[in-house]
Amino acid sequence: MKPLTPRQIVKELDRYIVGQKNAKKAVAIALRNRWRRQQVEGKLRDEIMPNNIIMIGSTGVGKTEIARRLASLSNAPFIKVEASKFTEVGYVGRDVESMVRDLMDTAVTMVEREKEDEVIEMAELLANERIIDILFPDDHKNDPKQSKELKERHERTRERIRKKLEKGEFEGKMIEVEVSDEPAIGMQIFGPMGMEDIGMNIKDMISGSLPKSKRSKKMTVADAREILTENEASKLIDHEEVIRISRERTENDGIIFLDEIDKVVGNNNGVGPDVSREGVQRDLLPIVEGSNVNTKYGVVSSDHILFIAAGAFHGSAPSDMIPELQGRFPIRVEMDKLTKEDFVKILTHPQSALIKQYTALLGAENVDLEFNDAAIKAVAEFASEVNSKMENIGARRLHTIMTTLLEDHLFEQPKRGNKKIKITATVVRDSLKDIVEDPDLSRYIL
């Protein structure tokens with residue numbers, strides 16, 4: 001895929017995310033800089049570090065969506081992790097190195113899928129040959145005394161079966177296929193940080209040393225083809241090359257999205273249940289600035305992994321982070337608060353707009369859902385009003401408003417009669433006015 005320019009990246013992000021121009025611009029430059037770094041020759045390439053980003057804004061304004069769409073645009077390994085689930089050494093919880101291991105696992109899965117796509121045609125041919133062997137076994141295949149005439153007759157019969165198989169005449173026929181069973185290793189390790197990853201490695205070692213048991217299973221030809229194709233594709237793939245490419249991608253293109261970073265920032269002076277907050281920041285520091293992490297696929301360097309952190313920072317500020325970690329996130333982007341006009345765009349403009357989603361859901365019941373412009377504006381007004389009265393949860397408020405508005409229609413369908421639902425501004429007001437005006441109802445319903 002041809003690398004996109006920053007302007008093209010922003011244009012692609014605009015298809016899914018409303019507003020947030022500054023954030024889109026920052027991530028677009030960061031993504032393009034990764035490609036630019038790879039064009040640099042010599043030792044200077046290793047010296048160019050990624051500009052990690054902190055996105056500051058309340059929930060529901062598009063922080064996670066920007067990072068997720070960015071990863072899909074660049075076809076890069078991407079994981080989203082909650083900073084609050086990590087703890088410092090000595091506390092129960094996951095250690096920070098596990099995020100790099102998870103990223104490597106994601107990369108391996110991506111590359112395996114790509115390699116499978118490359119060999120899928122050959123794998124399907126080999127799978128069909130195995131099905132023909134099951135349908136018409138050759139008991140004299142290795143018999144040197146078999147006559148030439150018998151061999152030719154056998155090959156003609158196989159050719160006829162092959163043509164019928166290609167036409168789909170055997171799809172529903174039951175056959176017996178030999179499948180491999182992975183040895184079940186029932187083992188769980190409890191202990192300090194990193195032990196869950198050690199447990200996974202021990203499981204892999206034990207399962208690799210145990211012989212795989214085989215058993216016969218009856219299934220249709222169609223189902224057998226899927227299993228046999230997957231089996232043949234796995235044989236055709238060079239797994240060492242998969243790991244090499246995955247490690248390269250993880251180190252040069254990987255993106256880690258650290259959500260809720262503000263939850264590990266606080267000024268509690270080491271008192272209470274959040275005593276490990278600063279410890280998590282200290283543990284995050286070597287990973288973000290670059291270190292070598294042991295994974296089951298080998299050592300992975302985090303030097304050039306792009307970190308995008310995000311948080312609401314209601315009770316704290318980025319300046320409350322330890323100075324060393326602040327320096328590792330040089331780019332800070334303040335997310336814009338969503339307005340009523342933004343809500344109207346969110347409901348209609350993106351490819352996965354909420355109204356399009358509900359239209360598709362009711363379309364499965366052969367029901368035509370239609371919103372006029374006034375209704376869309378009314379929904380946006382109610383969402384904006386509820387956000388201003390209570391906690392501002394951004395665009396997520398639209399989900400609660402839309403669910404409440406369409407609850408009866410979603411419950412009653414399918415039903416006989418009119419298969420068209422028209423939502424007007426009057427319908428919206430009648431459905432939501434009483435709930436919005438009653439603060440207790442709003443708190444528990446919207």
# chains A, B, ... in the order shown; residues from 1 in each chain; ligands from 1
call {"tool": "residues_around", "arguments": {"residues": "A:Glu334", "least_positions_apart": "4", "cutoff": "9 Å", "atoms": "only C-alpha atoms", "output": "NGL selection string"}}
result
:A and (20 or 22-23 or 54-57)
call {"tool": "select_by_dssp", "arguments": {"residues": "stretch 167-414 of chain A", "states": "strand (DSSP E or B)", "output": "PyMOL selection string"}}
result
chain A and resi 174-181+213-220+255-259+292-295+298-301+306-311+331-334+368-371
call {"tool": "atom_distance", "arguments": {"atom1": "atom CA of A:Glu152", "atom2": "atom CA of A:Val177"}}
result
26.5 Å
call {"tool": "residues_around", "arguments": {"residues": "A:Ala67", "least_positions_apart": "2", "cutoff": "10 Å", "atoms": "only C-alpha atoms", "output": "MDAnalysis selection string"}}
result
chainID A and resid 13 23:24 27 62:65 69:73 78:80 255:258 307:310
call {"tool": "residues_around", "arguments": {"residues": "A:Phe136", "least_positions_apart": "3", "cutoff": "9 Å", "atoms": "only C-alpha atoms", "output": "list in words"}}
result
Ile131, Ile132, Asp133, Thr157, Arg158 and Ile161 of chain A
call {"tool": "write_last_selection", "arguments": {"atoms": "N, CA and C atoms", "output": "tab-separated table (two decimals), in the first residue's frame"}}
result
chain	number	residue	atom	x	y	z
A	131	ILE	N	-9.52	-34.44	-0.23
A	131	ILE	CA	-10.93	-34.86	-0.21
A	131	ILE	C	-11.18	-35.95	-1.24
A	132	ILE	N	-10.54	-35.79	-2.42
A	132	ILE	CA	-10.67	-36.83	-3.46
A	132	ILE	C	-10.09	-38.15	-2.96
A	133	ASP	N	-8.96	-38.08	-2.24
A	133	ASP	CA	-8.35	-39.29	-1.66
A	133	ASP	C	-9.31	-39.99	-0.70
A	157	THR	N	-10.92	-41.73	-13.31
A	157	THR	CA	-12.00	-41.68	-12.30
A	157	THR	C	-11.79	-40.50	-11.35
A	158	ARG	N	-10.55	-40.31	-10.94
A	158	ARG	CA	-10.23	-39.18	-10.06
A	158	ARG	C	-10.56	-37.85	-10.74
A	161	ILE	N	-14.25	-37.23	-10.56
A	161	ILE	CA	-14.63	-36.82	-9.20
A	161	ILE	C	-14.19	-35.38	-8.96
call {"tool": "residues_around", "arguments": {"residues": "stretch 34-50 of chain A", "least_positions_apart": "3", "cutoff": "12 Å", "atoms": "only C-alpha atoms", "output": "ChimeraX atom specification"}}
result
/A:2-6,27-31,53,74,76,248-249,251-255,288-290,301-308,328-331
call {"tool": "write_last_selection", "arguments": {"atoms": "N, CA and C atoms", "output": "JSON list (two decimals), in the first residue's frame"}}
result
[["chain", "number", "residue", "atom", "x", "y", "z"],
["A", 2, "LYS", "N", 0.53, 2.22, -0.86],
["A", 2, "LYS", "CA", 1.31, 3.46, -0.95],
["A", 2, "LYS", "C", 1.12, 4.28, 0.32],
["A", 3, "PRO", "N", 2.22, 4.79, 0.90],
["A", 3, "PRO", "CA", 2.06, 5.59, 2.13],
["A", 3, "PRO", "C", 1.28, 6.86, 1.86],
["A", 4, "LEU", "N", 0.40, 7.21, 2.79],
["A", 4, "LEU", "CA", -0.44, 8.38, 2.63],
["A", 4, "LEU", "C", 0.27, 9.63, 3.13],
["A", 5, "THR", "N", -0.01, 10.76, 2.49],
["A", 5, "THR", "CA", 0.53, 12.04, 2.96],
["A", 5, "THR", "C", -0.32, 12.49, 4.17],
["A", 6, "PRO", "N", 0.21, 13.42, 4.99],
["A", 6, "PRO", "CA", -0.58, 13.89, 6.13],
["A", 6, "PRO", "C", -1.97, 14.41, 5.74],
["A", 27, "VAL", "N", -1.60, 13.40, 14.67],
["A", 27, "VAL", "CA", -1.37, 11.96, 14.42],
["A", 27, "VAL", "C", -0.97, 11.71, 12.96],
["A", 28, "ALA", "N", -1.47, 12.54, 12.04],
["A", 28, "ALA", "CA", -1.11, 12.39, 10.63],
["A", 28, "ALA", "C", 0.37, 12.67, 10.42],
["A", 29, "ILE", "N", 0.88, 13.71, 11.08],
["A", 29, "ILE", "CA", 2.31, 14.04, 10.98],
["A", 29, "ILE", "C", 3.15, 12.93, 11.61],
["A", 30, "ALA", "N", 2.70, 12.42, 12.77],
["A", 30, "ALA", "CA", 3.44, 11.35, 13.46],
["A", 30, "ALA", "C", 3.52, 10.10, 12.59],
["A", 31, "LEU", "N", 2.42, 9.77, 11.91],
["A", 31, "LEU", "CA", 2.39, 8.58, 11.05],
["A", 31, "LEU", "C", 3.30, 8.76, 9.84],
["A", 53, "ILE", "N", 2.41, 11.14, 21.55],
["A", 53, "ILE", "CA", 1.34, 12.14, 21.66],
["A", 53, "ILE", "C", 0.48, 11.87, 22.89],
["A", 74, "SER", "N", -2.70, 2.63, 8.36],
["A", 74, "SER", "CA", -1.28, 2.31, 8.13],
["A", 74, "SER", "C", -1.02, 0.81, 8.07],
["A", 76, "ALA", "N", -0.84, -1.15, 10.49],
["A", 76, "ALA", "CA", 0.20, -1.37, 11.49],
["A", 76, "ALA", "C", -0.34, -2.16, 12.66],
["A", 248, "GLU", "N", 9.83, -7.08, 12.88],
["A", 248, "GLU", "CA", 10.20, -5.86, 12.15],
["A", 248, "GLU", "C", 9.05, -4.84, 12.16],
["A", 249, "ARG", "N", 7.83, -5.34, 11.93],
["A", 249, "ARG", "CA", 6.66, -4.46, 11.92],
["A", 249, "ARG", "C", 6.36, -3.88, 13.29],
["A", 251, "GLU", "N", 8.48, -3.36, 15.74],
["A", 251, "GLU", "CA", 9.51, -2.40, 16.15],
["A", 251, "GLU", "C", 9.44, -1.09, 15.37],
["A", 252, "ASN", "N", 9.05, -1.16, 14.09],
["A", 252, "ASN", "CA", 9.08, 0.05, 13.25],
["A", 252, "ASN", "C", 7.72, 0.70, 13.01],
["A", 253, "ASP", "N", 6.65, -0.09, 13.06],
["A", 253, "ASP", "CA", 5.32, 0.44, 12.74],
["A", 253, "ASP", "C", 4.30, 0.32, 13.87],
["A", 254, "GLY", "N", 4.66, -0.38, 14.96],
["A", 254, "GLY", "CA", 3.70, -0.65, 16.03],
["A", 254, "GLY", "C", 3.17, 0.62, 16.70],
["A", 255, "ILE", "N", 1.89, 0.58, 17.06],
["A", 255, "ILE", "CA", 1.25, 1.69, 17.76],
["A", 255, "ILE", "C", 0.60, 1.16, 19.04],
["A", 288, "VAL", "N", 8.50, 3.34, 27.17],
["A", 288, "VAL", "CA", 8.20, 4.44, 26.25],
["A", 288, "VAL", "C", 9.48, 5.02, 25.65],
["A", 289, "GLU", "N", 10.53, 5.13, 26.46],
["A", 289, "GLU", "CA", 11.77, 5.71, 25.94],
["A", 289, "GLU", "C", 12.59, 4.70, 25.15],
["A", 290, "GLY", "N", 12.26, 3.43, 25.27],
["A", 290, "GLY", "CA", 12.92, 2.40, 24.46],
["A", 290, "GLY", "C", 13.69, 1.40, 25.28],
["A", 301, "SER", "N", 12.43, -4.73, 20.51],
["A", 301, "SER", "CA", 12.82, -3.39, 20.97],
["A", 301, "SER", "C", 11.64, -2.43, 20.84],
["A", 302, "SER", "N", 11.44, -1.60, 21.88],
["A", 302, "SER", "CA", 10.33, -0.64, 21.86],
["A", 302, "SER", "C", 10.80, 0.77, 21.48],
["A", 303, "ASP", "N", 12.04, 0.89, 20.98],
["A", 303, "ASP", "CA", 12.63, 2.21, 20.69],
["A", 303, "ASP", "C", 11.77, 3.04, 19.74],
["A", 304, "HIS", "N", 11.21, 2.39, 18.70],
["A", 304, "HIS", "CA", 10.51, 3.15, 17.65],
["A", 304, "HIS", "C", 9.01, 2.86, 17.60],
["A", 305, "ILE", "N", 8.48, 2.27, 18.66],
["A", 305, "ILE", "CA", 7.03, 2.08, 18.75],
["A", 305, "ILE", "C", 6.40, 3.44, 19.07],
["A", 306, "LEU", "N", 5.31, 3.77, 18.38],
["A", 306, "LEU", "CA", 4.61, 5.05, 18.63],
["A", 306, "LEU", "C", 3.61, 4.86, 19.76],
["A", 307, "PHE", "N", 3.74, 5.69, 20.79],
["A", 307, "PHE", "CA", 2.81, 5.66, 21.92],
["A", 307, "PHE", "C", 1.87, 6.86, 21.83],
["A", 308, "ILE", "N", 0.57, 6.57, 21.84],
["A", 308, "ILE", "CA", -0.44, 7.64, 21.89],
["A", 308, "ILE", "C", -1.20, 7.46, 23.20],
["A", 328, "ARG", "N", 8.75, 12.34, 27.46],
["A", 328, "ARG", "CA", 8.61, 11.30, 26.44],
["A", 328, "ARG", "C", 7.32, 11.46, 25.63],
["A", 329, "PHE", "N", 6.49, 12.42, 26.02],
["A", 329, "PHE", "CA", 5.27, 12.72, 25.26],
["A", 329, "PHE", "C", 5.31, 14.20, 24.88],
["A", 330, "PRO", "N", 6.15, 14.54, 23.88],
["A", 330, "PRO", "CA", 6.37, 15.96, 23.56],
["A", 330, "PRO", "C", 5.17, 16.66, 22.92],
["A", 331, "ILE", "N", 4.28, 15.89, 22.29],
["A", 331, "ILE", "CA", 3.15, 16.53, 21.60],
["A", 331, "ILE", "C", 1.89, 16.37, 22.43]]
call {"tool": "residues_around", "arguments": {"residues": "A:Ala425", "least_positions_apart": "6", "cutoff": "8 Å", "atoms": "only C-alpha atoms", "output": "number ranges by chain"}}
result
A: 372, 374-378
call {"tool": "write_last_selection", "arguments": {"atoms": "C-alpha atoms", "output": "PDB file, in the first residue's frame"}}
result
ATOM      1  CA  ASN A 372     -35.994  13.909   8.743  1.00  0.00           C
ATOM      2  CA  ALA A 374     -35.665  18.326  12.103  1.00  0.00           C
ATOM      3  CA  ALA A 375     -35.634  14.995  14.000  1.00  0.00           C
ATOM      4  CA  ILE A 376     -31.845  14.713  13.710  1.00  0.00           C
ATOM      5  CA  LYS A 377     -31.486  18.277  14.994  1.00  0.00           C
ATOM      6  CA  ALA A 378     -33.838  17.532  17.910  1.00  0.00           C
TER       7      ALA A 378
END
call {"tool": "select_by_dssp", "arguments": {"residues": "stretch 114-182 of chain A", "states": "alpha helix (DSSP H)", "output": "PyMOL selection string"}}
result
chain A and resi 114-135+148-167
call {"tool": "write_last_selection", "arguments": {"atoms": "C-alpha atoms", "output": "PDB file, in the first residue's frame"}}
result
ATOM      1  CA  GLU A 114      -1.462 -12.087   5.027  1.00  0.00           C
ATOM      2  CA  LYS A 115       0.694 -15.143   4.326  1.00  0.00           C
ATOM      3  CA  GLU A 116      -2.398 -17.383   4.361  1.00  0.00           C
ATOM      4  CA  ASP A 117      -3.993 -15.136   1.716  1.00  0.00           C
ATOM      5  CA  GLU A 118      -0.886 -15.587  -0.454  1.00  0.00           C
ATOM      6  CA  VAL A 119      -1.025 -19.403  -0.342  1.00  0.00           C
ATOM      7  CA  ILE A 120      -4.797 -19.884  -0.078  1.00  0.00           C
ATOM      8  CA  GLU A 121      -5.252 -20.971  -3.727  1.00  0.00           C
ATOM      9  CA  MET A 122      -2.570 -23.649  -3.457  1.00  0.00           C
ATOM     10  CA  ALA A 123      -3.955 -24.723  -0.071  1.00  0.00           C
ATOM     11  CA  GLU A 124      -7.464 -25.118  -1.539  1.00  0.00           C
ATOM     12  CA  LEU A 125      -6.090 -27.263  -4.403  1.00  0.00           C
ATOM     13  CA  LEU A 126      -4.233 -29.505  -1.941  1.00  0.00           C
ATOM     14  CA  ALA A 127      -7.315 -29.701   0.304  1.00  0.00           C
ATOM     15  CA  ASN A 128      -9.440 -30.801  -2.678  1.00  0.00           C
ATOM     16  CA  GLU A 129      -6.885 -33.506  -3.513  1.00  0.00           C
ATOM     17  CA  ARG A 130      -7.126 -34.807   0.058  1.00  0.00           C
ATOM     18  CA  ILE A 131     -10.931 -34.856  -0.207  1.00  0.00           C
ATOM     19  CA  ILE A 132     -10.669 -36.825  -3.460  1.00  0.00           C
ATOM     20  CA  ASP A 133      -8.350 -39.288  -1.663  1.00  0.00           C
ATOM     21  CA  ILE A 134     -11.065 -39.761   0.990  1.00  0.00           C
ATOM     22  CA  LEU A 135     -13.900 -40.081  -1.555  1.00  0.00           C
ATOM     23  CA  LYS A 148      -0.315 -48.964 -16.473  1.00  0.00           C
ATOM     24  CA  GLU A 149      -3.907 -49.470 -17.673  1.00  0.00           C
ATOM     25  CA  LEU A 150      -5.191 -49.670 -14.068  1.00  0.00           C
ATOM     26  CA  LYS A 151      -3.311 -46.491 -13.160  1.00  0.00           C
ATOM     27  CA  GLU A 152      -4.781 -44.605 -16.129  1.00  0.00           C
ATOM     28  CA  ARG A 153      -8.306 -45.824 -15.328  1.00  0.00           C
ATOM     29  CA  HIS A 154      -7.875 -44.773 -11.722  1.00  0.00           C
ATOM     30  CA  GLU A 155      -6.648 -41.300 -12.819  1.00  0.00           C
ATOM     31  CA  ARG A 156      -9.648 -40.862 -15.168  1.00  0.00           C
ATOM     32  CA  THR A 157     -12.001 -41.683 -12.301  1.00  0.00           C
ATOM     33  CA  ARG A 158     -10.232 -39.178 -10.059  1.00  0.00           C
ATOM     34  CA  GLU A 159     -10.555 -36.536 -12.782  1.00  0.00           C
ATOM     35  CA  ARG A 160     -14.331 -37.107 -13.008  1.00  0.00           C
ATOM     36  CA  ILE A 161     -14.628 -36.823  -9.199  1.00  0.00           C
ATOM     37  CA  ARG A 162     -12.488 -33.662  -9.299  1.00  0.00           C
ATOM     38  CA  LYS A 163     -14.829 -32.012 -11.818  1.00  0.00           C
ATOM     39  CA  LYS A 164     -17.905 -32.953  -9.779  1.00  0.00           C
ATOM     40  CA  LEU A 165     -16.215 -31.603  -6.666  1.00  0.00           C
ATOM     41  CA  GLU A 166     -15.478 -28.290  -8.433  1.00  0.00           C
ATOM     42  CA  LYS A 167     -19.155 -28.054  -9.465  1.00  0.00           C
TER      43      LYS A 167
END
call {"tool": "atom_distance", "arguments": {"atom1": "atom CA of A:Tyr16", "atom2": "atom CA of A:Glu370"}}
result
21.3 Å
call {"tool": "closest_residue", "arguments": {"among": "A:Leu354, A:Leu103, A:Ile175, A:Ile421", "to": "A:Asn366", "atoms": "only C-alpha atoms"}}
result
A:Ile421
call {"tool": "atom_distance", "arguments": {"atom1": "atom CA of A:Ile393", "atom2": "atom CA of A:Thr59"}}
result
5.2 Å
call {"tool": "closest_residue", "arguments": {"among": "A:Ile322, A:Ala107, A:Ala360, A:Ile237", "to": "A:Asn75", "atoms": "only C-alpha atoms"}}
result
A:Ala107
call {"tool": "residues_around", "arguments": {"residues": "A:Ser319", "least_positions_apart": "5", "cutoff": "10 Å", "atoms": "only C-alpha atoms", "output": "mmCIF file with N, CA and C atoms, in the first residue's frame"}}
result
data_model
loop_
_atom_site.group_PDB
_atom_site.id
_atom_site.type_symbol
_atom_site.label_atom_id
_atom_site.label_comp_id
_atom_site.auth_asym_id
_atom_site.auth_seq_id
_atom_site.Cartn_x
_atom_site.Cartn_y
_atom_site.Cartn_z
ATOM 1 N N VAL A 265 -2.023 9.220 37.256
ATOM 2 C CA VAL A 265 -1.448 10.513 37.621
ATOM 3 C C VAL A 265 -2.246 11.054 38.794
ATOM 4 N N LEU A 325 8.598 11.233 32.290
ATOM 5 C CA LEU A 325 7.548 10.710 31.411
ATOM 6 C C LEU A 325 6.936 11.832 30.582
ATOM 7 N N GLN A 326 6.829 13.021 31.185
ATOM 8 C CA GLN A 326 6.328 14.173 30.418
ATOM 9 C C GLN A 326 7.188 14.406 29.177
#
